[in-house]
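As provided, final.cif (mmCIF, C-alpha atoms) reads as follows.
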```
data_entry
loop_
_atom_site.group_PDB
_atom_site.id
_atom_site.type_symbol
_atom_site.label_atom_id
_atom_site.label_comp_id
_atom_site.auth_asym_id
_atom_site.auth_seq_id
_atom_site.Cartn_x
_atom_site.Cartn_y
_atom_site.Cartn_z
ATOM 1 C CA MET L 1 -17.018 13.102 -15.084
ATOM 2 C CA SER L 2 -16.689 9.583 -16.395
ATOM 3 C CA ASP L 3 -19.110 6.771 -15.708
ATOM 4 C CA ALA L 4 -17.296 4.312 -13.448
ATOM 5 C CA ASN L 5 -18.785 1.246 -15.111
ATOM 6 C CA ASN L 6 -17.618 2.261 -18.555
ATOM 7 C CA LEU L 7 -14.334 3.797 -17.569
ATOM 8 C CA THR L 8 -11.947 3.864 -20.535
ATOM 9 C CA TYR L 9 -8.720 5.671 -21.241
ATOM 10 C CA GLU L 10 -10.617 7.919 -23.631
ATOM 11 C CA SER L 11 -13.403 8.771 -21.179
ATOM 12 C CA VAL L 12 -11.093 9.781 -18.336
ATOM 13 C CA GLN L 13 -10.441 13.499 -18.072
ATOM 14 C CA ILE L 14 -7.780 15.335 -16.137
ATOM 15 C CA GLY L 15 -9.539 16.674 -13.044
ATOM 16 C CA ASP L 16 -11.972 13.737 -12.762
ATOM 17 C CA ALA L 17 -12.691 13.039 -9.100
ATOM 18 C CA LEU L 18 -12.213 9.842 -7.109
ATOM 19 C CA GLY L 19 -14.597 9.852 -4.180
ATOM 20 C CA PRO L 20 -15.049 11.573 -1.863
ATOM 21 C CA ALA L 21 -15.798 8.470 0.184
ATOM 22 C CA GLU L 22 -16.314 8.549 3.915
ATOM 23 C CA VAL L 23 -14.847 5.730 5.949
ATOM 24 C CA TYR L 24 -15.207 5.166 9.656
ATOM 25 C CA LEU L 25 -12.514 2.816 10.942
ATOM 26 C CA SER L 26 -13.453 1.469 14.345
ATOM 27 C CA LYS L 27 -10.860 0.159 16.765
ATOM 28 C CA ASP L 28 -12.259 -3.330 16.234
ATOM 29 C CA GLN L 29 -11.794 -3.030 12.483
ATOM 30 C CA VAL L 30 -8.186 -1.893 12.954
ATOM 31 C CA ARG L 31 -7.630 -4.844 15.299
ATOM 32 C CA ALA L 32 -9.174 -7.180 12.702
ATOM 33 C CA TYR L 33 -6.748 -5.836 10.112
ATOM 34 C CA ALA L 34 -3.778 -6.153 12.483
ATOM 35 C CA LYS L 35 -4.785 -9.738 13.221
ATOM 36 C CA ALA L 36 -5.357 -10.659 9.568
ATOM 37 C CA CYS L 37 -1.992 -9.218 8.560
ATOM 38 C CA GLY L 38 0.173 -10.493 11.405
ATOM 39 C CA MET L 39 0.673 -6.988 12.852
ATOM 40 C CA TRP L 40 -0.639 -7.713 16.336
ATOM 41 C CA THR L 41 1.414 -5.168 18.296
ATOM 42 C CA PRO L 42 0.174 -2.739 20.973
ATOM 43 C CA ARG L 43 0.380 0.366 18.785
ATOM 44 C CA PHE L 44 -2.295 -1.149 16.518
ATOM 45 C CA THR L 45 -4.372 -2.962 19.109
ATOM 46 C CA ASP L 46 -4.732 -1.025 22.357
ATOM 47 C CA ASP L 47 -4.637 2.579 23.555
ATOM 48 C CA GLU L 48 -2.688 1.923 26.716
ATOM 49 C CA GLY L 49 0.066 -0.021 24.936
ATOM 50 C CA ALA L 50 0.267 2.600 22.187
ATOM 51 C CA ARG L 51 0.684 5.402 24.779
ATOM 52 C CA LYS L 52 3.609 3.512 26.274
ATOM 53 C CA GLU L 53 5.232 3.786 22.831
ATOM 54 C CA GLY L 54 4.743 7.567 22.914
ATOM 55 C CA LEU L 55 1.712 7.620 20.628
ATOM 56 C CA PRO L 56 -1.500 9.501 21.420
ATOM 57 C CA GLY L 57 -3.428 6.198 21.376
ATOM 58 C CA MET L 58 -3.756 3.211 19.078
ATOM 59 C CA ILE L 59 -3.131 4.022 15.444
ATOM 60 C CA THR L 60 -4.045 2.518 12.100
ATOM 61 C CA PRO L 61 -1.201 0.583 10.401
ATOM 62 C CA GLY L 62 0.301 2.418 7.413
ATOM 63 C CA ASN L 63 -0.473 -0.630 5.298
ATOM 64 C CA MET L 64 -4.148 -0.327 6.202
ATOM 65 C CA SER L 65 -4.147 3.310 5.058
ATOM 66 C CA LEU L 66 -2.539 2.129 1.844
ATOM 67 C CA ALA L 67 -5.226 -0.545 1.512
ATOM 68 C CA ILE L 68 -8.172 1.840 1.894
ATOM 69 C CA LEU L 69 -6.589 4.301 -0.564
ATOM 70 C CA SER L 70 -5.989 1.466 -2.993
ATOM 71 C CA LYS L 71 -9.679 0.588 -2.590
ATOM 72 C CA LEU L 72 -10.619 4.173 -3.507
ATOM 73 C CA VAL L 73 -8.814 3.606 -6.818
ATOM 74 C CA THR L 74 -10.121 0.073 -7.462
ATOM 75 C CA ASP L 75 -13.686 1.259 -6.683
ATOM 76 C CA TRP L 76 -13.215 3.991 -9.285
ATOM 77 C CA VAL L 77 -11.874 1.470 -11.807
ATOM 78 C CA ALA L 78 -14.666 -1.010 -10.892
ATOM 79 C CA ALA L 79 -15.052 -3.818 -13.444
ATOM 80 C CA SER L 80 -13.806 -1.766 -16.402
ATOM 81 C CA GLY L 81 -10.745 -3.972 -16.862
ATOM 82 C CA ALA L 82 -8.380 -1.107 -15.992
ATOM 83 C CA ARG L 83 -5.744 -2.032 -13.440
ATOM 84 C CA ILE L 84 -3.816 -0.148 -10.805
ATOM 85 C CA VAL L 85 -0.141 -0.566 -11.708
ATOM 86 C CA ARG L 86 1.589 1.721 -9.243
ATOM 87 C CA MET L 87 0.826 3.413 -5.991
ATOM 88 C CA GLY L 88 2.850 5.508 -3.581
ATOM 89 C CA THR L 89 1.910 6.726 -0.117
ATOM 90 C CA THR L 90 3.425 9.131 2.370
ATOM 91 C CA TYR L 91 2.359 8.843 5.978
ATOM 92 C CA ARG L 92 2.258 12.425 7.245
ATOM 93 C CA GLN L 93 0.340 12.085 10.494
ATOM 94 C CA PRO L 94 -0.978 9.108 12.455
ATOM 95 C CA VAL L 95 -4.414 7.880 11.408
ATOM 96 C CA MET L 96 -6.439 7.344 14.584
ATOM 97 C CA PRO L 97 -9.333 4.871 14.642
ATOM 98 C CA ASP L 98 -12.850 5.880 15.767
ATOM 99 C CA HIS L 99 -12.824 8.931 13.506
ATOM 100 C CA THR L 100 -14.502 9.551 10.193
ATOM 101 C CA LEU L 101 -11.981 9.745 7.368
ATOM 102 C CA THR L 102 -12.574 11.113 3.912
ATOM 103 C CA LEU L 103 -10.843 9.478 0.963
ATOM 104 C CA GLN L 104 -10.540 11.386 -2.250
ATOM 105 C CA GLY L 105 -8.448 12.149 -5.261
ATOM 106 C CA PHE L 106 -8.394 13.493 -8.783
ATOM 107 C CA VAL L 107 -6.789 12.645 -12.099
ATOM 108 C CA THR L 108 -3.640 14.701 -12.688
ATOM 109 C CA HIS L 109 -2.095 13.280 -15.888
ATOM 110 C CA LYS L 110 -2.851 11.074 -18.855
ATOM 111 C CA ASN L 111 -0.103 9.318 -20.818
ATOM 112 C CA GLU L 112 -1.190 8.358 -24.303
ATOM 113 C CA SER L 113 1.965 6.297 -25.003
ATOM 114 C CA ASP L 114 1.201 3.662 -22.357
ATOM 115 C CA ARG L 115 -2.541 4.336 -21.834
ATOM 116 C CA THR L 116 -2.158 5.246 -18.188
ATOM 117 C CA ALA L 117 -3.737 7.891 -16.005
ATOM 118 C CA GLU L 118 -2.128 9.262 -12.861
ATOM 119 C CA MET L 119 -3.974 10.563 -9.850
ATOM 120 C CA ASP L 120 -3.364 12.265 -6.537
ATOM 121 C CA ILE L 121 -5.137 10.539 -3.657
ATOM 122 C CA TRP L 122 -5.332 11.297 0.022
ATOM 123 C CA ILE L 123 -6.925 10.541 3.402
ATOM 124 C CA GLU L 124 -8.329 13.551 5.192
ATOM 125 C CA SER L 125 -9.192 13.726 8.889
ATOM 126 C CA ASP L 126 -12.480 15.094 10.210
ATOM 127 C CA GLU L 127 -10.505 18.272 10.956
ATOM 128 C CA GLY L 128 -9.457 18.653 7.323
ATOM 129 C CA ASP L 129 -5.837 17.546 7.715
ATOM 130 C CA ARG L 130 -4.335 15.370 5.007
ATOM 131 C CA LEU L 131 -3.005 12.496 7.070
ATOM 132 C CA VAL L 132 -1.828 10.298 4.198
ATOM 133 C CA ILE L 133 -1.096 11.526 0.693
ATOM 134 C CA GLY L 134 -0.284 9.473 -2.342
ATOM 135 C CA THR L 135 -0.331 8.947 -6.062
ATOM 136 C CA ALA L 136 -1.563 6.078 -8.200
ATOM 137 C CA THR L 137 -1.201 5.037 -11.815
ATOM 138 C CA VAL L 138 -3.955 3.128 -13.600
ATOM 139 C CA HIS L 139 -3.471 1.291 -16.883
ATOM 140 C CA PHE L 140 -6.324 0.928 -19.372
ATOM 141 C CA PRO L 141 -6.330 -2.023 -21.757
ATOM 142 C CA ARG L 142 -7.278 -1.408 -25.404
ATOM 143 C CA MET G 1 25.092 16.858 1.390
ATOM 144 C CA THR G 2 26.027 13.221 1.216
ATOM 145 C CA VAL G 3 25.472 10.438 3.646
ATOM 146 C CA ASP G 4 28.056 7.765 4.460
ATOM 147 C CA TYR G 5 27.267 4.181 3.555
ATOM 148 C CA ASP G 6 28.921 1.158 2.034
ATOM 149 C CA PRO G 7 28.093 1.241 -1.696
ATOM 150 C CA ALA G 8 28.342 -2.573 -1.799
ATOM 151 C CA LEU G 9 25.099 -2.610 0.188
ATOM 152 C CA ILE G 10 23.049 -1.224 -2.669
ATOM 153 C CA GLY G 11 21.296 -3.845 -4.748
ATOM 154 C CA ARG G 12 22.592 -6.828 -2.792
ATOM 155 C CA VAL G 13 19.752 -9.172 -1.819
ATOM 156 C CA PHE G 14 20.078 -9.605 1.938
ATOM 157 C CA GLU G 15 17.090 -11.790 2.538
ATOM 158 C CA THR G 16 14.976 -14.348 0.701
ATOM 159 C CA THR G 17 11.936 -15.715 2.510
ATOM 160 C CA GLU G 18 10.413 -19.157 2.271
ATOM 161 C CA PRO G 19 7.434 -19.262 -0.139
ATOM 162 C CA VAL G 20 4.290 -18.097 1.666
ATOM 163 C CA PRO G 21 1.100 -19.893 0.591
ATOM 164 C CA VAL G 22 -1.916 -17.710 -0.176
ATOM 165 C CA THR G 23 -5.327 -19.183 0.610
ATOM 166 C CA GLY G 24 -8.770 -18.046 -0.419
ATOM 167 C CA GLU G 25 -9.598 -17.757 3.254
ATOM 168 C CA GLN G 26 -6.739 -15.284 3.840
ATOM 169 C CA ILE G 27 -7.935 -13.166 0.937
ATOM 170 C CA ALA G 28 -11.501 -13.250 2.326
ATOM 171 C CA THR G 29 -10.306 -12.239 5.813
ATOM 172 C CA PHE G 30 -8.260 -9.407 4.330
ATOM 173 C CA CYS G 31 -11.244 -8.186 2.273
ATOM 174 C CA ALA G 32 -13.458 -8.232 5.376
ATOM 175 C CA ALA G 33 -10.866 -6.258 7.364
ATOM 176 C CA ILE G 34 -10.658 -3.429 4.820
ATOM 177 C CA GLY G 35 -14.377 -3.413 3.971
ATOM 178 C CA GLU G 36 -13.787 -4.740 0.462
ATOM 179 C CA THR G 37 -16.955 -5.946 -1.286
ATOM 180 C CA ASN G 38 -15.920 -5.784 -4.955
ATOM 181 C CA PRO G 39 -16.952 -9.158 -6.505
ATOM 182 C CA LEU G 40 -13.619 -9.331 -8.384
ATOM 183 C CA TYR G 41 -12.024 -9.922 -4.972
ATOM 184 C CA THR G 42 -14.819 -11.577 -3.016
ATOM 185 C CA ASP G 43 -16.961 -13.713 -5.331
ATOM 186 C CA ALA G 44 -15.206 -16.490 -7.282
ATOM 187 C CA ALA G 45 -18.124 -17.076 -9.661
ATOM 188 C CA ALA G 46 -18.544 -13.395 -10.526
ATOM 189 C CA ALA G 47 -14.771 -12.918 -10.799
ATOM 190 C CA GLN G 48 -14.610 -15.738 -13.343
ATOM 191 C CA ALA G 49 -16.366 -13.509 -15.859
ATOM 192 C CA GLY G 50 -14.277 -10.465 -14.918
ATOM 193 C CA PRO G 51 -11.052 -9.057 -16.362
ATOM 194 C CA PHE G 52 -8.802 -11.407 -14.336
ATOM 195 C CA GLY G 53 -10.650 -14.620 -15.275
ATOM 196 C CA GLY G 54 -10.949 -15.675 -11.657
ATOM 197 C CA LEU G 55 -10.755 -14.407 -8.117
ATOM 198 C CA VAL G 56 -7.707 -12.296 -7.298
ATOM 199 C CA ALA G 57 -6.594 -10.553 -4.120
ATOM 200 C CA PRO G 58 -7.062 -6.775 -3.867
ATOM 201 C CA PRO G 59 -3.811 -5.130 -5.068
ATOM 202 C CA SER G 60 -2.945 -3.928 -1.557
ATOM 203 C CA PHE G 61 -2.741 -7.554 -0.393
ATOM 204 C CA ALA G 62 0.794 -7.389 -1.846
ATOM 205 C CA VAL G 63 1.985 -5.268 1.082
ATOM 206 C CA THR G 64 0.753 -7.717 3.726
ATOM 207 C CA PHE G 65 3.551 -10.269 3.265
ATOM 208 C CA ARG G 66 5.816 -10.266 6.253
ATOM 209 C CA ASN G 67 9.481 -9.605 5.848
ATOM 210 C CA GLY G 68 11.860 -12.255 7.110
ATOM 211 C CA ARG G 69 12.941 -12.395 10.726
ATOM 212 C CA HIS G 70 16.249 -10.649 10.085
ATOM 213 C CA PHE G 71 14.886 -7.925 7.793
ATOM 214 C CA PHE G 72 15.460 -5.001 10.159
ATOM 215 C CA GLU G 73 18.990 -6.115 11.060
ATOM 216 C CA HIS G 74 20.023 -5.448 7.467
ATOM 217 C CA ILE G 75 18.613 -1.978 7.191
ATOM 218 C CA PRO G 76 21.135 0.758 7.874
ATOM 219 C CA ARG G 77 20.022 3.168 10.583
ATOM 220 C CA TYR G 78 21.080 6.740 11.127
ATOM 221 C CA GLY G 79 20.402 8.138 14.552
ATOM 222 C CA LYS G 80 17.827 6.824 16.941
ATOM 223 C CA GLN G 81 14.518 7.711 15.382
ATOM 224 C CA GLY G 82 13.599 5.640 12.371
ATOM 225 C CA PHE G 83 10.072 5.193 11.058
ATOM 226 C CA ASP G 84 7.995 4.058 8.133
ATOM 227 C CA ALA G 85 7.507 7.201 6.042
ATOM 228 C CA GLY G 86 5.618 5.552 3.223
ATOM 229 C CA LYS G 87 5.615 2.997 0.449
ATOM 230 C CA ASP G 88 5.871 2.859 -3.300
ATOM 231 C CA VAL G 89 4.377 -0.236 -4.824
ATOM 232 C CA GLU G 90 4.480 -1.499 -8.377
ATOM 233 C CA PHE G 91 1.743 -4.065 -9.000
ATOM 234 C CA VAL G 92 2.839 -6.468 -11.718
ATOM 235 C CA THR G 93 0.885 -9.758 -11.551
ATOM 236 C CA PRO G 94 -2.357 -10.285 -9.590
ATOM 237 C CA ILE G 95 -2.206 -12.607 -6.583
ATOM 238 C CA ARG G 96 -4.535 -15.616 -6.744
ATOM 239 C CA PRO G 97 -5.611 -18.194 -4.163
ATOM 240 C CA GLY G 98 -3.154 -21.087 -4.303
ATOM 241 C CA ASP G 99 -0.159 -18.867 -5.066
ATOM 242 C CA ALA G 100 3.063 -19.197 -3.092
ATOM 243 C CA VAL G 101 4.874 -15.887 -2.754
ATOM 244 C CA THR G 102 8.580 -15.391 -2.051
ATOM 245 C CA LEU G 103 10.107 -12.063 -0.978
ATOM 246 C CA ASN G 104 13.618 -10.970 -1.961
ATOM 247 C CA SER G 105 14.815 -7.791 -0.268
ATOM 248 C CA HIS G 106 17.640 -5.361 -0.961
ATOM 249 C CA VAL G 107 18.591 -1.787 -0.116
ATOM 250 C CA LYS G 108 17.731 0.192 -3.224
ATOM 251 C CA GLU G 109 18.822 3.676 -2.308
ATOM 252 C CA ILE G 110 20.086 5.836 0.561
ATOM 253 C CA TYR G 111 19.853 9.608 0.406
ATOM 254 C CA GLU G 112 19.753 12.661 2.599
ATOM 255 C CA LYS G 113 17.191 15.419 2.444
ATOM 256 C CA THR G 114 17.021 18.690 4.310
ATOM 257 C CA GLY G 115 13.601 19.994 5.185
ATOM 258 C CA ARG G 116 12.191 22.653 7.464
ATOM 259 C CA THR G 117 12.707 20.414 10.480
ATOM 260 C CA GLY G 118 16.333 19.591 9.696
ATOM 261 C CA SER G 119 18.135 16.805 7.963
ATOM 262 C CA MET G 120 16.691 13.375 7.291
ATOM 263 C CA VAL G 121 18.198 10.215 5.868
ATOM 264 C CA PHE G 122 15.925 8.054 3.741
ATOM 265 C CA VAL G 123 16.683 4.372 3.294
ATOM 266 C CA ILE G 124 14.688 2.706 0.530
ATOM 267 C CA VAL G 125 14.376 -1.051 0.870
ATOM 268 C CA ARG G 126 12.845 -2.933 -2.029
ATOM 269 C CA SER G 127 11.097 -6.250 -1.527
ATOM 270 C CA THR G 128 10.364 -8.030 -4.778
ATOM 271 C CA LEU G 129 7.546 -10.567 -4.590
ATOM 272 C CA THR G 130 7.663 -13.564 -6.899
ATOM 273 C CA ASN G 131 5.069 -16.306 -7.293
ATOM 274 C CA GLN G 132 5.470 -20.068 -7.759
ATOM 275 C CA ASN G 133 5.714 -19.596 -11.556
ATOM 276 C CA GLY G 134 8.672 -17.255 -11.213
ATOM 277 C CA GLU G 135 6.534 -14.263 -12.200
ATOM 278 C CA VAL G 136 7.161 -10.985 -10.417
ATOM 279 C CA VAL G 137 4.025 -10.149 -8.434
ATOM 280 C CA ALA G 138 5.034 -6.733 -7.108
ATOM 281 C CA HIS G 139 7.887 -4.500 -6.075
ATOM 282 C CA VAL G 140 7.292 -2.965 -2.661
ATOM 283 C CA ASP G 141 9.601 -0.077 -1.787
ATOM 284 C CA HIS G 142 9.665 0.738 1.924
ATOM 285 C CA ARG G 143 10.698 4.318 2.638
ATOM 286 C CA PHE G 144 12.345 4.466 6.075
ATOM 287 C CA MET G 145 13.046 7.920 7.430
ATOM 288 C CA ASN G 146 15.819 8.528 9.963
ATOM 289 C CA ARG G 147 16.673 11.644 11.900
ATOM 290 C CA PRO G 148 20.375 11.685 12.619
#
```

Would you mind writing the structure in this file as structure tokens?
Amino acid sequence: MSDANNLTYESVQIGDALGPAEVYLSKDQVRAYAKACGMWTPRFTDDEGARKEGLPGMITPGNMSLAILSKLVTDWVAASGARIVRMGTTYRQPVMPDHTLTLQGFVTHKNESDRTAEMDIWIESDEGDRLVIGTATVHFPR
Amino acid sequence: MTVDYDPALIGRVFETTEPVPVTGEQIATFCAAIGETNPLYTDAAAAQAGPFGGLVAPPSFAVTFRNGRHFFEHIPRYGKQGFDAGKDVEFVTPIRPGDAVTLNSHVKEIYEKTGRTGSMVFVIVRSTLTNQNGEVVAHVDHRFMNRP
């Protein structure tokens, strides 16, 4: 397990963990995100409006899921100078606010030629379902 | 299986937005909304000494730029149900307060996939973000899934 503050290409090992980090997204926080990002539509702001769109209740924007997963990676990288260069997400199930989410991941590959590490990352519900899955690539400067 | 589409669609930029100014306040509001407290993104003085030599936006800020008004009119649809299945983002240049970001969008790829629940058509739309210096900031690939 590498020390986050001194993270280097050399210190990272395949299998190293990111997180787990618990995040509780309240409805107000989701609304704050929707407002900040110009996504003020019923599905992201109120239960009643979301139900009219056929959803179980208000949901978290996909971009917000991407943002909290990206934060999992940038928290891991911390101030080491390494940089996230690529990230992909797949939205498998709606992420509902007012639930505790667990963010985690692990390093799957290292590429010596370009000094990058790849990782699998995901958001898990309090029932253990992987709601959002993704991958990220981090580049380490020399 | 192949899906029908006009090959001339692929790669043709269908929309270019006006430059969108990025303010320090917007970055701060975004950080607050996602619970971001990393000084690289929240504290200009601390960020000065960091790897970016100044405050930058969290990488995921790149996906918050709105597409132009006619974006969805240019995206081919197959069947009634279309939704955002995910994103692939390439982060190239950090976004800084004072930047002005332009989006250019094109259809990158259209393909069909058959899964357990039947056939799906994926339309990949790439928005390339460029800053006021002409540097590419990010490529954001939107993966739209359609059920014919």

Shell of 8 Å around G:Ala62, all atoms listed in the file, local chain residues under 4 positions omitted, as an MDAnalysis selection string: chainID G and resid 91 95 129 137:138 140

Would you write out those residues with C-alpha atoms, as a PDB file, in the coordinates of the input?
```pdb
ATOM      1  CA  PHE G  91       1.743  -4.065  -9.000  1.00  0.00           C
ATOM      2  CA  ILE G  95      -2.206 -12.607  -6.583  1.00  0.00           C
ATOM      3  CA  LEU G 129       7.546 -10.567  -4.590  1.00  0.00           C
ATOM      4  CA  VAL G 137       4.025 -10.149  -8.434  1.00  0.00           C
ATOM      5  CA  ALA G 138       5.034  -6.733  -7.108  1.00  0.00           C
ATOM      6  CA  VAL G 140       7.292  -2.965  -2.661  1.00  0.00           C
TER       7      VAL G 140
END
```

Enumerate as a PDB file with C-alpha atoms, in the frame of the given file the residues belonging to chain G that approach chain L to within 7 Å, with all atoms listed in the file taken into account.
```
ATOM      1  CA  THR G  29     -10.306 -12.239   5.813  1.00  0.00           C
ATOM      2  CA  PHE G  30      -8.260  -9.407   4.330  1.00  0.00           C
ATOM      3  CA  ALA G  33     -10.866  -6.258   7.364  1.00  0.00           C
ATOM      4  CA  ILE G  34     -10.658  -3.429   4.820  1.00  0.00           C
ATOM      5  CA  GLY G  50     -14.277 -10.465 -14.918  1.00  0.00           C
ATOM      6  CA  PRO G  51     -11.052  -9.057 -16.362  1.00  0.00           C
ATOM      7  CA  SER G  60      -2.945  -3.928  -1.557  1.00  0.00           C
ATOM      8  CA  VAL G  63       1.985  -5.268   1.082  1.00  0.00           C
ATOM      9  CA  THR G  64       0.753  -7.717   3.726  1.00  0.00           C
ATOM     10  CA  ALA G  85       7.507   7.201   6.042  1.00  0.00           C
ATOM     11  CA  GLY G  86       5.618   5.552   3.223  1.00  0.00           C
ATOM     12  CA  LYS G  87       5.615   2.997   0.449  1.00  0.00           C
ATOM     13  CA  ASP G  88       5.871   2.859  -3.300  1.00  0.00           C
ATOM     14  CA  VAL G  89       4.377  -0.236  -4.824  1.00  0.00           C
ATOM     15  CA  GLU G  90       4.480  -1.499  -8.377  1.00  0.00           C
ATOM     16  CA  PHE G  91       1.743  -4.065  -9.000  1.00  0.00           C
ATOM     17  CA  VAL G  92       2.839  -6.468 -11.718  1.00  0.00           C
TER      18      VAL G  92
END
```

Residue nearest G:Gly11 - candidates G:Asp141, G:Gln132, G:Glu109, G:Asn146, atoms counted: only C-alpha atoms: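 Nearest to G:Gly11: G:Glu109.
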
Excluding L:Ser113 and residues on its chain fewer than 5 positions from it, collect all residues at most 12 Å away from it, counting only C-alpha atoms, and give them as a PDB file with C-alpha atoms, in the frame of the given file.
```
ATOM      1  CA  TYR L   9      -8.720   5.671 -21.241  1.00  0.00           C
ATOM      2  CA  HIS L 139      -3.471   1.291 -16.883  1.00  0.00           C
ATOM      3  CA  PHE L 140      -6.324   0.928 -19.372  1.00  0.00           C
TER       4      PHE L 140
END
```

Point-to-point distance from atom CA of L:Ala50 to atom CA of L:Lys27, Å rounded to tenths: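 Between these atoms lies a distance of 12.6 Å.
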
Written as a PDB file with C-alpha atoms, in the frame of the given file, which residues does the PyMOL selection byres ((chain G and resi 54) around 9) give for the file shown?
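Produced file result-v4.pdb, reproduced below:
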```
ATOM      1  CA  LEU G  40     -13.619  -9.331  -8.384  1.00  0.00           C
ATOM      2  CA  TYR G  41     -12.024  -9.922  -4.972  1.00  0.00           C
ATOM      3  CA  ASP G  43     -16.961 -13.713  -5.331  1.00  0.00           C
ATOM      4  CA  ALA G  44     -15.206 -16.490  -7.282  1.00  0.00           C
ATOM      5  CA  ALA G  45     -18.124 -17.076  -9.661  1.00  0.00           C
ATOM      6  CA  ALA G  46     -18.544 -13.395 -10.526  1.00  0.00           C
ATOM      7  CA  ALA G  47     -14.771 -12.918 -10.799  1.00  0.00           C
ATOM      8  CA  GLN G  48     -14.610 -15.738 -13.343  1.00  0.00           C
ATOM      9  CA  ALA G  49     -16.366 -13.509 -15.859  1.00  0.00           C
ATOM     10  CA  GLY G  50     -14.277 -10.465 -14.918  1.00  0.00           C
ATOM     11  CA  PRO G  51     -11.052  -9.057 -16.362  1.00  0.00           C
ATOM     12  CA  PHE G  52      -8.802 -11.407 -14.336  1.00  0.00           C
ATOM     13  CA  GLY G  53     -10.650 -14.620 -15.275  1.00  0.00           C
ATOM     14  CA  LEU G  55     -10.755 -14.407  -8.117  1.00  0.00           C
ATOM     15  CA  VAL G  56      -7.707 -12.296  -7.298  1.00  0.00           C
ATOM     16  CA  ARG G  96      -4.535 -15.616  -6.744  1.00  0.00           C
TER      17      ARG G  96
END
```

Computed interatomic separation between atom CA of G:Phe144 and atom CA of L:Gly128 (Å):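 Atom CA of L:Gly128 lies at a distance of 26.0 Å from atom CA of G:Phe144.
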
d(atom CA of L:Thr60, atom CA of L:Ala117) in Å: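 Straight-line distance from atom CA of L:Thr60 to atom CA of L:Ala117 works out to 28.6 Å.
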
Using only C-alpha atoms: which of L:Met58, L:Val77, L:Leu131, L:Val138 has the shortest distance to L:Leu7: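 Nearest candidate to L:Leu7 out of L:Met58, L:Val77, L:Leu131, L:Val138: L:Val77.
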
Expected selection from the PyMOL selection byres ((chain L and resi 18) around 12), given as an MDAnalysis selection string: chainID L and resid 1:4 12:17 19:22 69:78 102:108 118:123 135:136

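Selecting by distance to (-3.3, 7.2, 14.2) with a limit of 6 Å and using only C-alpha atoms, one obtains Ile59, Thr60, Pro94, Val95 and Met96 of chain L.
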
Go ahead and write the residues just picked, C-alpha atoms, as a PDB file, keeping the file's coordinate frame.
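Written output follows (result.pdb):
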```pdb
ATOM      1  CA  ILE L  59      -3.131   4.022  15.444  1.00  0.00           C
ATOM      2  CA  THR L  60      -4.045   2.518  12.100  1.00  0.00           C
ATOM      3  CA  PRO L  94      -0.978   9.108  12.455  1.00  0.00           C
ATOM      4  CA  VAL L  95      -4.414   7.880  11.408  1.00  0.00           C
ATOM      5  CA  MET L  96      -6.439   7.344  14.584  1.00  0.00           C
TER       6      MET L  96
END
```

Resolved residues for the PyMOL selection byres ((chain G and resi 13) around 8) as an MDAnalysis selection string: chainID G and resid 11:12 14:16 104:107

So that I have them on file, write out the residues from the current selection with C-alpha atoms, as a PDB file, in the frame of the given file.
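Saved as result-v7.pdb:
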```pdb
ATOM      1  CA  GLY G  11      21.296  -3.845  -4.748  1.00  0.00           C
ATOM      2  CA  ARG G  12      22.592  -6.828  -2.792  1.00  0.00           C
ATOM      3  CA  PHE G  14      20.078  -9.605   1.938  1.00  0.00           C
ATOM      4  CA  GLU G  15      17.090 -11.790   2.538  1.00  0.00           C
ATOM      5  CA  THR G  16      14.976 -14.348   0.701  1.00  0.00           C
ATOM      6  CA  ASN G 104      13.618 -10.970  -1.961  1.00  0.00           C
ATOM      7  CA  SER G 105      14.815  -7.791  -0.268  1.00  0.00           C
ATOM      8  CA  HIS G 106      17.640  -5.361  -0.961  1.00  0.00           C
ATOM      9  CA  VAL G 107      18.591  -1.787  -0.116  1.00  0.00           C
TER      10      VAL G 107
END
```

Spatial neighbours of L:His99, max dist 8 Å, all atoms listed in the file, sep filter under 2 positions, as JSON, numbers by chain: {"L": [24, 25, 26, 96, 97, 101, 125, 126]}

Pick from G:Pro58, G:Thr17, G:Gly24, G:Asn131, whichever lies nearest to G:Glu36 using only C-alpha atoms: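 Comparing G:Pro58, G:Thr17, G:Gly24, G:Asn131 against G:Glu36, the winner is G:Pro58.
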
Have stretch 32-38 of chain L completed to N, CA and C atoms, please, and pass it along as a short mmCIF file (atom, residue, chain, number, x, y, z; two decimals), keeping the file's coordinate frame.
```
data_model
loop_
_atom_site.label_atom_id
_atom_site.label_comp_id
_atom_site.auth_asym_id
_atom_site.auth_seq_id
_atom_site.Cartn_x
_atom_site.Cartn_y
_atom_site.Cartn_z
N ALA L 32 -8.94 -6.07 13.64
CA ALA L 32 -9.17 -7.18 12.70
C ALA L 32 -8.12 -7.16 11.60
N TYR L 33 -7.78 -5.96 11.15
CA TYR L 33 -6.75 -5.84 10.11
C TYR L 33 -5.40 -6.29 10.67
N ALA L 34 -5.07 -5.81 11.86
CA ALA L 34 -3.78 -6.15 12.48
C ALA L 34 -3.66 -7.67 12.65
N LYS L 35 -4.78 -8.29 13.02
CA LYS L 35 -4.78 -9.74 13.22
C LYS L 35 -4.62 -10.46 11.88
N ALA L 36 -5.40 -10.01 10.89
CA ALA L 36 -5.36 -10.66 9.57
C ALA L 36 -3.97 -10.55 8.94
N CYS L 37 -3.26 -9.48 9.24
CA CYS L 37 -1.99 -9.22 8.56
C CYS L 37 -0.78 -9.47 9.44
N GLY L 38 -0.97 -10.15 10.56
CA GLY L 38 0.17 -10.49 11.40
C GLY L 38 0.87 -9.26 11.98
#
```
